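A.B. asks: My file is work_27.txt. It has compact mmCIF, C-alpha atoms:
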# COMPACT_ATOMS: atom_id res chain seq x y z
CA MET A 184 0.00 0.00 0.00
CA THR A 185 1.54 3.30 -1.06
CA ALA A 186 1.61 6.03 1.52
CA ALA A 187 -0.73 8.92 0.82
CA ALA A 188 1.04 12.04 -0.43
CA PRO A 189 1.05 14.88 2.10
CA ARG A 190 -1.89 17.19 1.62
CA SER A 191 -1.13 20.56 0.15
CA GLY A 192 -0.78 23.53 2.45
CA GLU A 193 -3.57 25.37 0.70
CA ALA A 194 -6.01 22.51 1.24
CA ILE A 195 -5.27 22.24 4.93
CA PHE A 196 -5.32 26.00 5.43
CA SER A 197 -8.80 26.21 4.02
CA SER A 198 -10.04 23.39 6.22
CA PHE A 199 -9.05 25.11 9.45
CA GLU A 200 -11.29 27.32 11.53
CA ARG A 201 -10.38 30.93 10.96
CA VAL A 202 -9.75 33.81 13.27
CA ASN A 203 -9.78 37.45 12.27
CA ALA A 204 -6.37 38.34 10.84
CA GLU A 205 -6.34 41.73 12.53
CA LEU A 206 -7.05 40.13 15.86
CA PHE A 207 -4.07 37.87 15.34
CA THR A 208 -1.79 40.71 14.30
CA LEU A 209 -2.89 42.97 17.12
CA THR A 210 -2.58 40.20 19.70
CA TYR A 211 0.95 39.50 18.60
CA GLY A 212 1.72 43.20 18.68
CA ALA A 213 0.38 43.42 22.22
CA ILE A 214 2.63 40.55 23.28
CA VAL A 215 5.74 42.23 21.86
CA ARG A 216 4.71 45.56 23.37
CA GLN A 217 4.28 43.95 26.79
CA LEU A 218 7.61 42.16 26.54
CA LEU A 219 9.31 45.44 25.73
CA THR A 220 7.73 47.06 28.75
CA ASP A 221 8.62 44.17 31.07
CA LEU A 222 12.12 43.42 29.86
CA GLU A 223 13.23 46.79 28.48
CA GLU A 224 16.36 45.34 26.81
CA VAL A 225 15.83 44.64 23.12
CA GLU A 226 18.17 41.63 23.21
CA GLU A 227 16.19 40.12 26.07
CA VAL A 228 12.98 40.56 24.14
CA ASN A 229 14.53 38.87 21.11
CA LYS A 230 15.55 35.94 23.27
CA GLN A 231 12.15 35.72 24.91
CA LEU A 232 10.36 35.75 21.57
CA ASP A 233 12.62 32.97 20.37
CA GLN A 234 11.88 30.95 23.50
CA MET A 235 8.15 31.46 23.08
CA GLY A 236 8.46 30.35 19.50
CA TYR A 237 10.39 27.28 20.60
CA ASN A 238 7.62 26.30 23.03
CA ILE A 239 5.09 26.72 20.26
CA GLY A 240 7.20 24.75 17.80
CA ILE A 241 7.53 21.65 19.94
CA ARG A 242 3.74 21.33 20.02
CA LEU A 243 3.08 22.58 16.52
CA ILE A 244 5.13 19.84 14.94
CA ASP A 245 2.58 17.19 15.96
CA GLU A 246 -0.25 19.21 14.53
CA PHE A 247 1.70 19.68 11.34
CA LEU A 248 2.48 15.98 11.03
CA ALA A 249 -1.07 14.91 11.81
CA LYS A 250 -2.81 17.33 9.49
CA SER A 251 -0.42 17.12 6.58
CA LYS A 252 0.05 13.36 6.89
CA ALA A 253 3.69 13.88 6.06
CA SER A 254 6.15 11.09 6.54
CA ARG A 255 9.82 11.40 7.31
CA CYS A 256 11.73 13.62 4.88
CA VAL A 257 14.62 12.00 3.07
CA ASP A 258 16.99 14.91 3.49
CA PHE A 259 17.22 18.46 4.70
CA LYS A 260 16.27 19.84 1.28
CA GLU A 261 12.93 18.10 1.49
CA THR A 262 12.50 19.32 5.04
CA SER A 263 12.97 22.94 4.03
CA GLU A 264 10.55 22.56 1.15
CA MET A 265 8.00 21.12 3.56
CA ILE A 266 8.40 24.03 5.93
CA ALA A 267 8.16 26.64 3.21
CA LYS A 268 5.46 25.14 1.04
CA ILE A 269 3.25 23.34 3.53
CA GLY A 270 4.12 24.63 6.98
CA PHE A 271 3.95 28.35 6.41
CA LYS A 272 0.96 28.00 4.13
CA MET A 273 -0.93 25.85 6.61
CA PHE A 274 -0.44 27.93 9.69
CA LEU A 275 -0.05 31.48 8.46
CA GLY A 276 -1.50 31.34 4.95
CA VAL A 277 1.81 32.68 3.69
CA SER A 278 3.61 31.52 0.56
CA ALA A 279 7.30 31.01 1.05
CA SER A 280 10.15 29.79 -1.08
CA VAL A 281 13.49 28.17 -0.44
CA VAL A 282 16.61 29.67 -2.01
CA ASN A 283 20.34 29.98 -1.49
CA TRP A 284 21.38 26.44 -0.86
CA ASP A 285 24.95 26.08 0.21
CA ALA A 286 27.38 23.49 -1.16
CA ASP A 287 26.68 20.61 1.18
CA GLY A 288 22.94 21.14 1.49
CA SER A 289 22.85 21.97 5.17
CA CYS A 290 21.97 25.64 5.00
CA CYS A 291 19.26 27.48 3.11
CA SER A 292 17.13 30.60 3.16
CA ILE A 293 13.39 30.78 3.33
CA ILE A 294 11.85 33.93 1.88
CA LEU A 295 8.37 34.89 3.02
CA GLU A 296 6.22 36.66 0.48
CA ASP A 297 4.19 38.38 3.09
CA ASN A 298 3.98 38.36 6.82
CA PRO A 299 0.70 38.75 8.70
CA LEU A 300 2.50 39.45 11.96
CA VAL A 301 3.79 42.82 10.82
CA ASP A 302 0.70 44.50 9.38
CA PHE A 303 0.46 48.05 10.72
CA VAL A 304 3.87 47.76 12.43
CA GLU A 305 6.69 50.30 12.39
CA LEU A 306 9.71 50.05 14.61
CA PRO A 307 10.47 53.22 16.56
CA ASP A 308 14.05 54.41 17.10
CA THR A 309 14.09 53.08 20.64
CA CYS A 310 13.61 49.56 19.36
CA GLN A 311 16.37 49.27 16.82
CA GLY A 312 17.84 45.81 17.04
CA LEU A 313 14.50 44.20 17.74
CA TYR A 314 13.64 41.18 15.64
CA TYR A 315 9.91 41.65 15.70
CA CYS A 316 9.11 38.26 14.15
CA ASN A 317 11.62 36.32 16.16
CA VAL A 318 8.88 34.00 17.32
CA LEU A 319 8.93 32.46 13.84
CA SER A 320 12.57 31.48 14.12
CA GLY A 321 11.86 29.86 17.48
CA VAL A 322 8.94 27.93 16.03
CA ILE A 323 11.06 26.45 13.27
CA ARG A 324 13.88 25.60 15.65
CA GLY A 325 11.51 23.93 18.13
CA ALA A 326 9.63 21.99 15.52
CA LEU A 327 12.78 20.68 13.85
CA GLU A 328 14.26 19.66 17.16
CA MET A 329 11.31 17.35 17.72
CA VAL A 330 12.09 15.59 14.45
CA ALA A 331 15.67 14.96 15.42
CA MET A 332 17.33 17.97 13.79
CA LYS A 333 19.30 20.55 15.67
CA THR A 334 19.21 23.80 13.75
CA GLU A 335 20.10 27.42 13.98
CA VAL A 336 17.57 29.88 12.58
CA THR A 337 18.41 33.53 12.06
CA TRP A 338 16.91 36.52 10.29
CA ILE A 339 18.94 37.67 7.31
CA ARG A 340 16.59 40.31 6.00
CA ASP A 341 13.74 42.01 7.81
CA VAL A 342 11.48 44.61 6.19
CA LEU A 343 10.93 46.36 9.52
CA ARG A 344 14.63 47.04 9.67
CA GLY A 345 14.81 48.50 6.22
CA ASP A 346 15.40 45.50 3.95
CA ASP A 347 13.17 44.57 1.07
CA ALA A 348 11.98 41.12 2.12
CA TYR A 349 11.71 38.68 5.01
CA GLU A 350 14.48 36.13 4.77
CA LEU A 351 15.18 33.45 7.36
CA GLN A 352 18.30 31.38 7.28
CA VAL A 353 17.93 27.80 8.47
CA LYS A 354 21.14 25.96 9.16
CA LEU A 355 21.22 22.30 10.04
CA LEU A 356 23.74 21.71 12.81
CA LYS A 357 23.27 18.00 13.28
CA GLN A 358 20.83 15.16 13.22
CA ILE A 359 20.13 13.46 16.52
CA PRO A 360 19.46 9.76 16.14
CA GLU A 361 17.19 7.92 18.49
CA GLU A 362 18.94 6.43 21.46
CA TYR A 363 17.63 3.78 23.76
CA PRO A 364 16.65 5.92 26.72
CA TYR A 365 16.86 3.48 29.58
CA LYS A 366 20.36 3.00 30.84
CA ASN A 367 21.32 -0.52 31.85
CA ASP A 368 19.39 -0.90 35.04
CA GLU A 369 17.30 -3.91 34.19
CA MET B 47 5.92 7.36 40.26
CA GLN B 48 2.81 6.47 38.34
CA PHE B 49 3.13 6.83 34.64
CA PHE B 50 -0.46 6.71 33.56
CA GLY B 51 -3.44 8.95 34.03
CA GLY B 52 -6.26 6.54 33.41
CA SER B 53 -8.63 4.03 34.76
CA GLU B 54 -7.40 3.65 38.30
CA LEU B 55 -6.71 7.18 39.35
CA SER B 56 -9.41 9.41 38.03
CA PRO B 57 -13.14 9.02 37.53
CA SER B 58 -13.50 7.77 33.99
CA PRO B 59 -16.14 6.10 31.90
CA PRO B 60 -16.80 2.63 33.30
CA THR B 61 -14.93 -0.15 31.58
CA PRO B 62 -17.32 -2.58 29.92
CA THR B 63 -18.34 -5.34 32.26
CA GLY B 64 -19.89 -7.41 29.53
CA THR B 65 -18.40 -10.41 27.82
CA GLY B 66 -15.92 -8.21 26.03
CA THR B 67 -17.32 -8.96 22.62
CA GLU B 68 -18.29 -5.30 22.22
CA ASN B 69 -14.82 -4.16 22.94
CA ASN B 70 -12.07 -5.48 20.74
CA SER B 71 -9.23 -3.70 22.45
CA HIS B 72 -7.13 -4.79 25.35
CA MET B 73 -4.78 -1.90 26.05
CA ILE B 74 -3.27 1.22 24.66
CA TYR B 75 0.15 2.76 25.30
CA ILE B 76 1.49 6.07 24.11
CA PHE B 77 5.21 6.76 24.44
CA ASN B 78 7.28 9.75 23.53
CA ARG B 79 10.75 9.58 22.04
CA ASN B 80 12.44 9.52 25.43
CA GLY B 81 10.58 6.45 26.60
CA VAL B 82 8.21 8.30 28.89
CA CYS B 83 4.85 6.56 28.90
CA LEU B 84 2.40 9.35 28.23
CA LEU B 85 -0.71 7.24 28.41
CA TYR B 86 -1.59 3.73 29.42
CA ARG B 87 -5.15 2.46 29.54
CA GLU B 88 -6.38 -1.06 29.77
CA TRP B 89 -9.81 -2.40 29.06
CA ILE B 90 -9.34 -6.15 29.10
CA ARG B 91 -6.21 -7.47 30.68
CA PRO B 92 -6.72 -10.53 32.81
CA LEU B 93 -3.06 -11.18 33.47
CA HIS B 94 -0.65 -8.71 35.04
CA THR B 95 2.83 -10.03 35.38
CA LEU B 96 5.00 -6.98 36.03
CA ASN B 97 4.50 -3.74 37.86
CA PHE B 98 3.63 -0.83 35.63
CA GLN B 99 7.06 0.72 35.35
CA GLN B 100 8.66 -2.54 34.28
CA ASP B 101 5.80 -3.23 31.94
CA HIS B 102 6.22 0.12 30.22
CA LYS B 103 9.97 -0.28 29.92
CA LEU B 104 9.52 -3.73 28.48
CA MET B 105 7.00 -2.55 25.94
CA PHE B 106 9.12 0.38 24.89
CA GLY B 107 12.24 -1.73 24.66
CA LEU B 108 10.44 -4.39 22.66
CA LEU B 109 9.24 -1.92 20.07
CA PHE B 110 12.53 -0.10 19.91
CA SER B 111 14.35 -3.33 19.15
CA LEU B 112 11.68 -4.61 16.77
CA LYS B 113 11.82 -1.43 14.75
CA SER B 114 15.56 -1.60 14.55
CA LEU B 115 15.50 -5.25 13.56
CA ALA B 116 12.80 -4.75 10.95
CA ALA B 117 14.74 -1.91 9.37
CA LYS B 118 17.97 -3.86 9.26
CA MET B 119 16.29 -6.88 7.67
CA ASP B 120 14.69 -4.82 4.95
CA PRO B 121 15.50 -6.50 1.64
CA THR B 122 14.55 -3.49 -0.42
CA CYS B 123 16.81 -0.96 1.24
CA ALA B 124 20.34 -0.58 -0.06
CA ASP B 125 21.94 1.23 2.82
CA LYS B 126 22.02 -0.49 6.15
CA GLY B 127 24.04 0.45 9.16
CA ASN B 128 25.14 -2.15 11.65
CA LEU B 129 22.58 -3.59 13.99
CA GLY B 130 22.49 -1.54 17.14
CA VAL B 131 23.43 1.79 15.54
CA PRO B 132 20.82 4.34 16.60
CA GLN B 133 18.57 5.43 13.78
CA LEU B 134 16.67 8.61 13.13
CA PRO B 135 12.99 8.25 13.97
CA GLY B 136 11.15 7.29 10.83
CA GLN B 137 14.22 6.23 8.90
CA GLY B 138 14.12 2.86 7.25
CA CYS B 139 10.98 0.82 6.93
CA SER B 140 8.46 0.82 9.73
CA PHE B 141 6.54 -2.15 10.98
CA HIS B 142 2.91 -1.65 11.86
CA SER B 143 1.66 -4.74 13.58
CA PHE B 144 2.33 -8.24 14.75
CA ARG B 145 -0.19 -10.89 15.50
CA THR B 146 -0.17 -13.89 17.78
CA ASN B 147 -2.89 -16.45 18.32
CA THR B 148 -4.29 -14.51 21.28
CA TYR B 149 -3.75 -10.83 20.45
CA LYS B 150 -2.62 -8.36 17.83
CA LEU B 151 -0.31 -5.47 18.55
CA ASN B 152 -0.79 -2.43 16.33
CA PHE B 153 1.93 0.18 16.23
CA MET B 154 2.42 3.61 14.73
CA GLU B 155 5.30 6.00 15.17
CA THR B 156 5.25 9.61 14.09
CA PRO B 157 8.35 11.39 12.79
CA SER B 158 8.31 13.35 16.03
CA GLY B 159 8.89 10.14 17.95
CA ILE B 160 5.43 9.67 19.48
CA LYS B 161 4.60 5.95 19.50
CA PHE B 162 1.05 4.63 19.58
CA ILE B 163 0.53 1.02 20.56
CA LEU B 164 -2.87 -0.60 20.55
CA VAL B 165 -3.29 -4.22 21.60
CA THR B 166 -6.45 -5.80 20.29
CA ASN B 167 -8.13 -9.08 19.45
CA PRO B 168 -6.37 -10.98 16.71
CA GLY B 169 -9.30 -10.60 14.34
CA THR B 170 -9.07 -6.84 13.89
CA GLY B 171 -8.07 -5.56 10.48
CA ASP B 172 -5.54 -2.89 9.60
CA LEU B 173 -5.79 -0.32 12.36
CA ARG B 174 -3.43 2.27 10.89
CA GLU B 175 -6.29 4.64 10.20
CA THR B 176 -7.49 4.23 13.77
CA LEU B 177 -4.05 5.03 15.11
CA LYS B 178 -3.85 8.06 12.83
CA TYR B 179 -7.18 9.21 14.19
CA ILE B 180 -5.91 8.80 17.73
CA TYR B 181 -2.89 10.87 16.74
CA ASN B 182 -5.28 13.59 15.62
CA LEU B 183 -7.05 13.37 18.94
CA TYR B 184 -3.67 13.66 20.64
CA VAL B 185 -2.91 16.82 18.70
CA GLU B 186 -6.25 18.35 19.47
CA TYR B 187 -6.55 17.55 23.14
CA VAL B 188 -2.99 17.23 24.31
CA ALA B 189 -0.49 19.04 22.10
CA ASN B 190 -2.71 22.08 21.80
CA ASN B 191 -3.59 22.05 25.48
CA PRO B 192 -1.71 24.88 27.22
CA LEU B 193 -2.07 23.16 30.57
CA TYR B 194 -0.20 20.12 29.39
CA THR B 195 3.59 20.03 29.65
CA PRO B 196 5.13 18.09 26.76
CA GLY B 197 7.01 15.04 27.92
CA THR B 198 4.85 14.34 30.95
CA PRO B 199 2.08 11.76 31.38
CA ILE B 200 -1.21 12.87 29.93
CA ARG B 201 -3.87 13.83 32.42
CA CYS B 202 -6.50 15.28 30.12
CA GLU B 203 -9.92 13.84 30.76
CA LEU B 204 -11.26 14.93 27.38
CA PHE B 205 -8.51 13.04 25.63
CA ASN B 206 -9.12 9.92 27.70
CA THR B 207 -12.83 10.04 26.96
CA ALA B 208 -12.32 10.60 23.26
CA VAL B 209 -9.83 7.74 23.00
CA ASN B 210 -12.12 5.44 24.97
CA GLN B 211 -15.03 6.20 22.70
CA HIS B 212 -13.10 5.75 19.55
CA VAL B 213 -11.45 2.54 20.59
CA LYS B 214 -14.76 1.00 21.56
CA SER B 215 -16.02 1.60 18.07
CA ILE B 216 -13.33 -0.54 16.46
CA SER B 217 -14.97 -3.51 14.90
CA SER B 218 -13.21 -6.77 14.27
Before anything else, please render the file you have as structure tokens.
C.D. replies:
Amino acid sequence: MTAAAPRSGEAIFSSFERVNAELFTLTYGAIVRQLLTDLEEVEEVNKQLDQMGYNIGIRLIDEFLAKSKASRCVDFKETSEMIAKIGFKMFLGVSASVVNWDADGSCCSIILEDNPLVDFVELPDTCQGLYYCNVLSGVIRGALEMVAMKTEVTWIRDVLRGDDAYELQVKLLKQIPEEYPYKNDE
Amino acid sequence: MQFFGGSELSPSPPTPTGTGTENNSHMIYIFNRNGVCLLYREWIRPLHTLNFQQDHKLMFGLLFSLKSLAAKMDPTCADKGNLGVPQLPGQGCSFHSFRTNTYKLNFMETPSGIKFILVTNPGTGDLRETLKYIYNLYVEYVANNPLYTPGTPIRCELFNTAVNQHVKSISS
């Protein structure tokens, strides 16, 4: 019996219950605003957003796998395609593409065509250095860690900081094979 | 430390007291990739031989080794490591059930390392769709539950009820 092909991101996205996009954007904005008030340091806020994203990612991966019926990817290239084509589409309704592969296939860039998190947002001068969408990098890192890949995800280009697009760099550090967890204490 | 949040601890739907012909399932286990037993429920299990911790370890170890063995014996796969070398979850072929004369063990592992084991009567058919459905229930009630800490035993009543209901509807 052949395995069913993973469902397309568009199909899954349209089968989900929707929430008002502005509500989503404004809620996220309120979170960042509150973090800035509580933590004051922009670096701290970046770290906190990444941590929040990580906590989301470790749960999101199961939802992604269940809804998209995806099976294990053969290599990192396939993984990145999955994230860009199915993952972003499914959860944010955003089309993304994978570019800039390096020589050994362990590092690539994902470019987002649009970004619902940043509607209506402008960074003031006091917040230079803030990665407003850092939660997304945490989500990818968390999700990939649960499928045995240790990665490093960083923002290369960010429209809020003056660039022309949103570009995330995903770098595979290593794969973590499954180990027998019980030490010899039979 | 108890590993399971199920029939003995919390008020739950009564297990069927009938002849057992309505219920084809004996037990269910859910493990995560670190061997923590997230859920264990039993409906029909006349014989208990080990205490729960040993039982869970045994089950996990059995499946871990079976998976590894099945992958290494795969005649269609060109690249095989040595037996005993840890594999990435989902790599290689995956087995989905084994059957004895008294029970059938159905197994499904997700790429994220969550393992679903359902032990049923030997007459049940291919339960992969059932296990996939239970995975969907897991996502809905457990993964998306903010009060649940990933990696700890599941104590969500809604999940337990939903699983119970679905499992009872398996026909042989």
A.B. asks: Could you please tell me, as JSON, numbers by chain, which residues of chain A have an atom within 9 Å of chain B when using all atoms listed in the file?
C.D. replies: {"A": [241, 242, 243, 244, 245, 246, 248, 249, 250, 252, 253, 254, 255, 256, 257, 326, 327, 328, 329, 330, 331, 358, 359, 360, 361, 362, 363, 364, 365, 369]}
A.B. asks: How big is the axis-aligned box, and where does its centre sit, when it encloses all atoms of range 73-77 of chain B listed in the file and has 4 Å added on every side, reported in Å to one decimal as AutoDock Vina command-line options?
C.D. replies:
--center_x 0.2 --center_y 2.4 --center_z 25.1 --size_x 18.0 --size_y 16.7 --size_z 9.9
A.B. asks: Could you check how far CA of Pro299 in chain A sits from CA of Thr208 in chain A, in Å to one decimal?
C.D. replies: 6.4 Å
A.B. asks: When distances are computed from all atoms listed in the file, which of A:Leu209, A:Val342, A:Val215, A:Val301 shows the smallest separation from Glu227 in chain A?
C.D. replies: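 For Glu227 in chain A, the nearest of the given residues is A:Val215.
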A.B. asks: Between CA of Val322 in chain A and CA of Tyr237 in chain A, what distance in Å does the model show, to one decimal?
C.D. replies: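 Between CA of Val322 in chain A and CA of Tyr237 in chain A the gap is 4.8 Å.
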A.B. asks: Between CA of Arg87 in chain B and CA of Lys113 in chain B, what is the distance in Å, rounded to a tenth?
C.D. replies: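 So the answer is 22.8 Å.
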A.B. asks: Would you mind completing range 181-205 of chain B so that it carries N, CA, C and O atoms, and writing it out as a PDB file, in the coordinates of the input?
C.D. replies:
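Ended up saving to part.pdb:
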ATOM      1  N   TYR B 181      -3.926   9.836  16.798  1.00  0.00           N
ATOM      2  CA  TYR B 181      -2.890  10.870  16.740  1.00  0.00           C
ATOM      3  C   TYR B 181      -3.540  12.246  16.590  1.00  0.00           C
ATOM      4  O   TYR B 181      -3.149  13.217  17.227  1.00  0.00           O
ATOM      5  N   ASN B 182      -4.572  12.318  15.760  1.00  0.00           N
ATOM      6  CA  ASN B 182      -5.280  13.590  15.620  1.00  0.00           C
ATOM      7  C   ASN B 182      -5.935  14.017  16.920  1.00  0.00           C
ATOM      8  O   ASN B 182      -5.930  15.196  17.271  1.00  0.00           O
ATOM      9  N   LEU B 183      -6.474  13.051  17.637  1.00  0.00           N
ATOM     10  CA  LEU B 183      -7.050  13.370  18.940  1.00  0.00           C
ATOM     11  C   LEU B 183      -5.958  13.888  19.879  1.00  0.00           C
ATOM     12  O   LEU B 183      -6.154  14.850  20.625  1.00  0.00           O
ATOM     13  N   TYR B 184      -4.801  13.237  19.810  1.00  0.00           N
ATOM     14  CA  TYR B 184      -3.670  13.660  20.640  1.00  0.00           C
ATOM     15  C   TYR B 184      -3.324  15.117  20.358  1.00  0.00           C
ATOM     16  O   TYR B 184      -3.135  15.924  21.257  1.00  0.00           O
ATOM     17  N   VAL B 185      -3.259  15.447  19.067  1.00  0.00           N
ATOM     18  CA  VAL B 185      -2.910  16.820  18.700  1.00  0.00           C
ATOM     19  C   VAL B 185      -3.942  17.801  19.247  1.00  0.00           C
ATOM     20  O   VAL B 185      -3.605  18.812  19.852  1.00  0.00           O
ATOM     21  N   GLU B 186      -5.201  17.423  19.077  1.00  0.00           N
ATOM     22  CA  GLU B 186      -6.250  18.350  19.470  1.00  0.00           C
ATOM     23  C   GLU B 186      -6.340  18.545  20.971  1.00  0.00           C
ATOM     24  O   GLU B 186      -6.455  19.654  21.458  1.00  0.00           O
ATOM     25  N   TYR B 187      -6.305  17.440  21.714  1.00  0.00           N
ATOM     26  CA  TYR B 187      -6.550  17.550  23.140  1.00  0.00           C
ATOM     27  C   TYR B 187      -5.310  17.679  23.993  1.00  0.00           C
ATOM     28  O   TYR B 187      -5.369  18.132  25.112  1.00  0.00           O
ATOM     29  N   VAL B 188      -4.183  17.260  23.467  1.00  0.00           N
ATOM     30  CA  VAL B 188      -2.990  17.230  24.310  1.00  0.00           C
ATOM     31  C   VAL B 188      -1.963  18.242  23.840  1.00  0.00           C
ATOM     32  O   VAL B 188      -1.554  19.117  24.589  1.00  0.00           O
ATOM     33  N   ALA B 189      -1.538  18.129  22.560  1.00  0.00           N
ATOM     34  CA  ALA B 189      -0.490  19.040  22.100  1.00  0.00           C
ATOM     35  C   ALA B 189      -0.950  20.486  22.150  1.00  0.00           C
ATOM     36  O   ALA B 189      -0.181  21.382  22.504  1.00  0.00           O
ATOM     37  N   ASN B 190      -2.213  20.711  21.817  1.00  0.00           N
ATOM     38  CA  ASN B 190      -2.710  22.080  21.800  1.00  0.00           C
ATOM     39  C   ASN B 190      -3.237  22.537  23.151  1.00  0.00           C
ATOM     40  O   ASN B 190      -3.770  23.634  23.269  1.00  0.00           O
ATOM     41  N   ASN B 191      -3.081  21.707  24.167  1.00  0.00           N
ATOM     42  CA  ASN B 191      -3.590  22.050  25.480  1.00  0.00           C
ATOM     43  C   ASN B 191      -2.519  22.819  26.254  1.00  0.00           C
ATOM     44  O   ASN B 191      -1.467  22.288  26.572  1.00  0.00           O
ATOM     45  N   PRO B 192      -2.764  24.090  26.562  1.00  0.00           N
ATOM     46  CA  PRO B 192      -1.710  24.880  27.220  1.00  0.00           C
ATOM     47  C   PRO B 192      -1.395  24.400  28.630  1.00  0.00           C
ATOM     48  O   PRO B 192      -0.327  24.689  29.160  1.00  0.00           O
ATOM     49  N   LEU B 193      -2.321  23.625  29.214  1.00  0.00           N
ATOM     50  CA  LEU B 193      -2.070  23.160  30.570  1.00  0.00           C
ATOM     51  C   LEU B 193      -1.271  21.872  30.599  1.00  0.00           C
ATOM     52  O   LEU B 193      -0.968  21.348  31.659  1.00  0.00           O
ATOM     53  N   TYR B 194      -0.953  21.368  29.442  1.00  0.00           N
ATOM     54  CA  TYR B 194      -0.200  20.120  29.390  1.00  0.00           C
ATOM     55  C   TYR B 194       1.262  20.431  29.108  1.00  0.00           C
ATOM     56  O   TYR B 194       1.583  21.183  28.193  1.00  0.00           O
ATOM     57  N   THR B 195       2.158  19.853  29.888  1.00  0.00           N
ATOM     58  CA  THR B 195       3.590  20.030  29.650  1.00  0.00           C
ATOM     59  C   THR B 195       4.094  18.888  28.781  1.00  0.00           C
ATOM     60  O   THR B 195       3.974  17.737  29.182  1.00  0.00           O
ATOM     61  N   PRO B 196       4.651  19.178  27.613  1.00  0.00           N
ATOM     62  CA  PRO B 196       5.130  18.090  26.760  1.00  0.00           C
ATOM     63  C   PRO B 196       6.173  17.241  27.463  1.00  0.00           C
ATOM     64  O   PRO B 196       7.043  17.768  28.148  1.00  0.00           O
ATOM     65  N   GLY B 197       6.030  15.919  27.303  1.00  0.00           N
ATOM     66  CA  GLY B 197       7.010  15.040  27.920  1.00  0.00           C
ATOM     67  C   GLY B 197       6.553  14.481  29.247  1.00  0.00           C
ATOM     68  O   GLY B 197       7.247  13.706  29.890  1.00  0.00           O
ATOM     69  N   THR B 198       5.356  14.872  29.684  1.00  0.00           N
ATOM     70  CA  THR B 198       4.850  14.340  30.950  1.00  0.00           C
ATOM     71  C   THR B 198       3.616  13.479  30.658  1.00  0.00           C
ATOM     72  O   THR B 198       3.003  13.614  29.606  1.00  0.00           O
ATOM     73  N   PRO B 199       3.268  12.590  31.592  1.00  0.00           N
ATOM     74  CA  PRO B 199       2.080  11.760  31.380  1.00  0.00           C
ATOM     75  C   PRO B 199       0.830  12.612  31.169  1.00  0.00           C
ATOM     76  O   PRO B 199       0.688  13.670  31.782  1.00  0.00           O
ATOM     77  N   ILE B 200      -0.023  12.105  30.311  1.00  0.00           N
ATOM     78  CA  ILE B 200      -1.210  12.870  29.930  1.00  0.00           C
ATOM     79  C   ILE B 200      -2.286  12.749  30.995  1.00  0.00           C
ATOM     80  O   ILE B 200      -2.667  11.664  31.393  1.00  0.00           O
ATOM     81  N   ARG B 201      -2.766  13.876  31.444  1.00  0.00           N
ATOM     82  CA  ARG B 201      -3.870  13.830  32.420  1.00  0.00           C
ATOM     83  C   ARG B 201      -5.033  14.692  31.921  1.00  0.00           C
ATOM     84  O   ARG B 201      -5.525  15.548  32.640  1.00  0.00           O
ATOM     85  N   CYS B 202      -5.399  14.497  30.673  1.00  0.00           N
ATOM     86  CA  CYS B 202      -6.500  15.280  30.120  1.00  0.00           C
ATOM     87  C   CYS B 202      -7.710  14.388  29.992  1.00  0.00           C
ATOM     88  O   CYS B 202      -7.717  13.460  29.191  1.00  0.00           O
ATOM     89  N   GLU B 203      -8.735  14.685  30.770  1.00  0.00           N
ATOM     90  CA  GLU B 203      -9.920  13.840  30.760  1.00  0.00           C
ATOM     91  C   GLU B 203     -10.571  13.764  29.389  1.00  0.00           C
ATOM     92  O   GLU B 203     -11.021  12.710  28.967  1.00  0.00           O
ATOM     93  N   LEU B 204     -10.624  14.908  28.699  1.00  0.00           N
ATOM     94  CA  LEU B 204     -11.260  14.930  27.380  1.00  0.00           C
ATOM     95  C   LEU B 204     -10.563  13.964  26.435  1.00  0.00           C
ATOM     96  O   LEU B 204     -11.211  13.268  25.653  1.00  0.00           O
ATOM     97  N   PHE B 205      -9.256  13.946  26.496  1.00  0.00           N
ATOM     98  CA  PHE B 205      -8.510  13.040  25.630  1.00  0.00           C
ATOM     99  C   PHE B 205      -8.831  11.596  25.989  1.00  0.00           C
ATOM    100  O   PHE B 205      -9.104  10.762  25.112  1.00  0.00           O
TER     101      PHE B 205
END
